[in-house]
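This report refers to the structure that appears directly beneath it.
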Amino acid sequence: MSMEVSASAAIIEAVNISKSFGPIPVLFSVSMDVRPGEVHALIGENGAGKSTLMKILSGFHDPTSGQIRLDGKRTPLPPNGAAEHLGIVLIHQELNLAEQMTVEENVFLGREIRTNGFLDRAAMRAEVQKYLDEIGLDILPTDRISKLTIAQKQMVEIVKAVSRNARILIMDEPTAVLTEEETEVFFRQVKKLKESGVGIVFVSHKLNEVKEIADRVTILRDGQWIDTRSSQDLTPDTMAQMMVGRELSDLYPPMHEADVDADVVLEVKNLRAQGVDNVSFGLRKGEILGFSGLIGSGRTAVFEAICGLSPIESGEIRLFGQDASNLSVAEARDAGLAYLTKDRKEKGLLLDKQMRPNLTLFALPKFVRNLSIDRKAEENALTRAIRRFDVRARDSSITVGKLSGGNQQKLLLAKVMECEPKIVIIDEPTRGIDVGTKQQIYHFIAALAAEGVSVVVISSEMPEIIGTCHRVVVMREGHITGILTGDHINENEIMRYAAGLKREELH
């Protein structure tokens, strides 16, 4: 039975917190508290100030004004993660695990148990096994992190936190890369932590999950506190409206009929590559074609092979009627085909560089004049891109790593579109992005198709596949199991094909 949340016994309180970076204010007198045995969700659009508040609550940033109270007493938090000694643990969105070390080595990293000056591996192993058993995680202390699934790695982060006697656990988008089944397992562990009296700050853009797991919800908008309410008093729709300050009934744009007689711009026959087995499909001009399926079904692998990012074993690819079976990435770009990676931080953008070189890198030949780069042309392109894609940055000279996730995604879109492609493949277009930016991206995709650009949307989120696509290709274990149109594009049908319960004979 869950511990009842007391209304007066906050473990930690942020009181009238404001924060500026130089002359730029990002938080304006924000207050929230976290109580024992509760999940307190923190939601808002990208750029609302969630990350800054989380880092202040965990000691990674100092507030410009206001105070942090721990057990009712004003407590300046030590910097750089040292607040863990006070029981405050932040689990970052990018997991902080040493991939080549074992579970037990990660859990005790920097605070190893020693006996007579030597590492006591048996003691550490027994301690970690106890935590694994408590949390219900079916892995071994000796397993290497690199061999674990994303969900298991997320659980190891929780084991690390519990082993440090966490009283407050702050989690940034913990389910962003988990499947529905993995999320269910994860939530079971969160509920166990609640029962033990841990206070949890849960940051997520998945509002249905917020409704399911949270006891209270605090909404931020543009650096300001909007409201704190019981989750029982909120629906996902009302949360979304409070986040963005407007109605979102038009989250998905009107679906225009695809021209079934339009030219086939991409034709794939019997494609085989790593993770891809005998895949065939076509894409028409101005069509939005969805690719759905469970994680690991081969959706991304298909397009990495088509775009020259991985080798093709056999099969035929035709682009605008011409053979394109072995194009390099640059040749695919020059032929009018562009791929927007799902991993914007690792593969899509240079986080330590400014916006201008990030925007123009993929289309660099377009900006070369007499063997040198035309900086003026680059600046003009950046001005256009910021306006067209509504990239929100207080200063265009800041490094891309300082942009919110939604603005990074919009910059990545702008970067790909700078090549003026005729076919755009967008992998996980809204992963880790707030609902307001999702709306912008969906409307942008629809506008591209209306202009005659062909778009492929690869997504794990069924509502966006259903809401944006003319046809949906469903994959499982490297195969296409079905291609759905019209009323057949619904969650029940997609899941039946994705789970292998149904399969079309495709010719």
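Scheme for the structure tokens: letters A, B, ... for chains in order shown; per-chain residue numbers from 1; ligand numbers from 1 in order shown.
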Exercise. Mind checking which residues fall within 7 Å of Ile312 (chain A), counting only C-alpha atoms, ignoring those fewer than 5 positions away in the same chain, and posting them as JSON, numbers by chain?
Key: {"A": [272, 273, 305]}
Contacts of Val177 (chain A) at 9 Å (only C-alpha atoms; same-chain gap of 4+ positions) as a CSV table (one decimal) with N, CA, C and O atoms, in the first residue's frame:
```csv
chain,number,residue,atom,x,y,z
A,150,ILE,N,18.2,-0.5,-23.0
A,150,ILE,CA,18.0,0.9,-22.5
A,150,ILE,C,17.3,0.9,-21.2
A,150,ILE,O,17.6,1.6,-20.2
A,151,ALA,N,16.2,0.1,-21.1
A,151,ALA,CA,15.4,0.0,-19.9
A,151,ALA,C,16.2,-0.5,-18.7
A,151,ALA,O,16.0,0.0,-17.6
A,173,GLU,N,13.0,12.9,-18.3
A,173,GLU,CA,12.6,12.1,-19.5
A,173,GLU,C,13.0,10.7,-19.3
A,173,GLU,O,13.6,10.1,-20.3
A,431,ARG,N,10.7,13.0,-30.6
A,431,ARG,CA,11.2,12.3,-29.4
A,431,ARG,C,11.7,13.4,-28.4
A,431,ARG,O,12.5,14.2,-28.8
A,432,GLY,N,11.2,13.4,-27.2
A,432,GLY,CA,11.7,14.3,-26.2
A,432,GLY,C,11.3,15.7,-26.4
A,432,GLY,O,12.0,16.6,-26.0
```
Self-check item: Pairwise distance for CA of Arg229 (chain A) and CA of Leu42 (chain A), rounded to one decimal in Å
Solution: 10.9 Å
Self-check item: Contact residues around Asp277 (chain A) with only C-alpha atoms at 8 Å, ignoring same-chain residues under 5 positions, as a list in words
Solution: Asn270, Leu271, Arg272, Gly478 and His479 of chain A
Practice problem: Would you please extract all alpha helix (DSSP H) residues from region 320-386 of chain A, as assigned by DSSP on the backbone, and give them as a PyMOL selection string? | Solution: chain A and resi 329-334+355-360+375-386
Practice problem: Based on DSSP run over this structure's backbone, return all residues of region 251-444 of chain A in strand (DSSP E), as an MDAnalysis selection string. | Solution: chainID A and resid 264:273 276:284 288:293 312:319 322:323 337:340 368:369 372:373 423:427
Quiz item: By how many Å are CA of Val15 (chain A) and CA of Leu403 (chain A) apart?
Solution: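 Answer for the CA of Val15 (chain A) to CA of Leu403 (chain A) separation: 25.9 Å.
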Self-check item: Interatomic distance (Å, one decimal) between CA of Ser20 (chain A) and CA of Leu411 (chain A)
Solution: 24.0 Å
Practice problem: Name the closest residue to Thr481 (chain A) among the candidates A:Glu331, A:Asp427, A:Glu38, A:Glu493; distances are taken between atoms, counting only C-alpha atoms. | Solution: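 Comparing A:Glu331, A:Asp427, A:Glu38, A:Glu493 against Thr481 (chain A), the winner is A:Glu493.
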Quiz prompt | Neighbour list for Val416 (chain A) as an NGL selection string, cut-off 12 Å, only C-alpha atoms, skip fewer than 4 positions in-chain | solution = :A and (333 or 336-341 or 344 or 348-349 or 358-364 or 385 or 389 or 409-412 or 420-426)
If you count only C-alpha atoms, which residues fall within 10 Å of Leu137 (chain A), apart from same-chain ones fewer than 2 positions away, as a compact mmCIF listing (two decimals) with N, CA and C atoms, in the first residue's frame?
```txt
# COMPACT_ATOMS: atom_id res chain seq x y z
N GLN A 129 23.39 -7.16 -5.56
CA GLN A 129 22.39 -8.20 -5.78
C GLN A 129 21.16 -7.96 -4.91
N TYR A 131 19.99 -5.05 -3.96
CA TYR A 131 19.21 -3.97 -4.58
C TYR A 131 18.50 -4.47 -5.84
N LEU A 132 19.18 -5.30 -6.64
CA LEU A 132 18.56 -5.84 -7.85
C LEU A 132 17.34 -6.68 -7.50
N ASP A 133 17.45 -7.46 -6.43
CA ASP A 133 16.33 -8.29 -5.99
C ASP A 133 15.18 -7.42 -5.50
N GLU A 134 15.51 -6.37 -4.75
CA GLU A 134 14.47 -5.48 -4.21
C GLU A 134 13.70 -4.79 -5.33
N ILE A 135 14.43 -4.41 -6.36
CA ILE A 135 13.80 -3.63 -7.44
C ILE A 135 13.21 -4.56 -8.51
N ILE A 139 18.95 -9.04 -13.82
CA ILE A 139 20.29 -9.02 -14.41
C ILE A 139 21.27 -9.37 -13.29
N LEU A 140 22.54 -9.57 -13.65
CA LEU A 140 23.56 -9.93 -12.67
C LEU A 140 24.46 -8.74 -12.36
N GLN A 152 16.98 -1.54 -18.97
CA GLN A 152 17.79 -2.09 -17.89
C GLN A 152 18.82 -1.07 -17.40
N MET A 155 17.18 1.26 -15.12
CA MET A 155 17.00 0.66 -13.80
C MET A 155 18.31 0.65 -13.00
N VAL A 156 19.44 0.45 -13.69
CA VAL A 156 20.73 0.49 -13.00
C VAL A 156 20.97 1.88 -12.41
N VAL A 159 19.12 1.88 -9.26
CA VAL A 159 19.85 1.11 -8.24
C VAL A 159 20.98 1.97 -7.66
N VAL A 185 7.22 -1.75 -16.72
CA VAL A 185 8.16 -2.30 -15.75
C VAL A 185 8.80 -1.18 -14.94
N PHE A 186 9.19 -0.12 -15.63
CA PHE A 186 9.83 1.03 -14.99
C PHE A 186 8.89 1.67 -13.96
N GLN A 189 8.72 -0.06 -10.65
CA GLN A 189 9.85 0.23 -9.76
C GLN A 189 9.67 1.61 -9.12
```
Practice problem: With a distance cut-off of 10 Å and only C-alpha atoms, select the neighbouring residues of Asp143 (chain A), excluding the residue or stretch itself and same-chain residues fewer than 2 positions from it, and output the selection as a list in words. | Solution: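 Here the qualifying residues turn out to be Gln100, Met101, Thr102, Val103, Glu104, Glu105, Ile139, Leu140, Pro141, Ile145, Ser146, Lys147 and Leu148 of chain A.
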Selection from above, C-alpha atoms, as a PDB file, in the first residue's frame, can you write it?
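As a result, out_28.pdb now contains:
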```
ATOM      1  CA  GLN A 100      32.539  -1.105 -20.462  1.00  0.00           C
ATOM      2  CA  MET A 101      32.225  -1.577 -16.709  1.00  0.00           C
ATOM      3  CA  THR A 102      29.936  -3.990 -14.886  1.00  0.00           C
ATOM      4  CA  VAL A 103      26.738  -3.182 -13.020  1.00  0.00           C
ATOM      5  CA  GLU A 104      28.448  -3.486  -9.620  1.00  0.00           C
ATOM      6  CA  GLU A 105      31.409  -1.343 -10.745  1.00  0.00           C
ATOM      7  CA  ILE A 139      20.294  -9.023 -14.405  1.00  0.00           C
ATOM      8  CA  LEU A 140      23.562  -9.935 -12.672  1.00  0.00           C
ATOM      9  CA  PRO A 141      25.936  -7.578 -10.833  1.00  0.00           C
ATOM     10  CA  ILE A 145      26.499  -2.208 -19.046  1.00  0.00           C
ATOM     11  CA  SER A 146      27.053  -2.290 -22.834  1.00  0.00           C
ATOM     12  CA  LYS A 147      25.128  -5.595 -22.994  1.00  0.00           C
ATOM     13  CA  LEU A 148      21.994  -4.242 -21.281  1.00  0.00           C
TER      14      LEU A 148
END
```
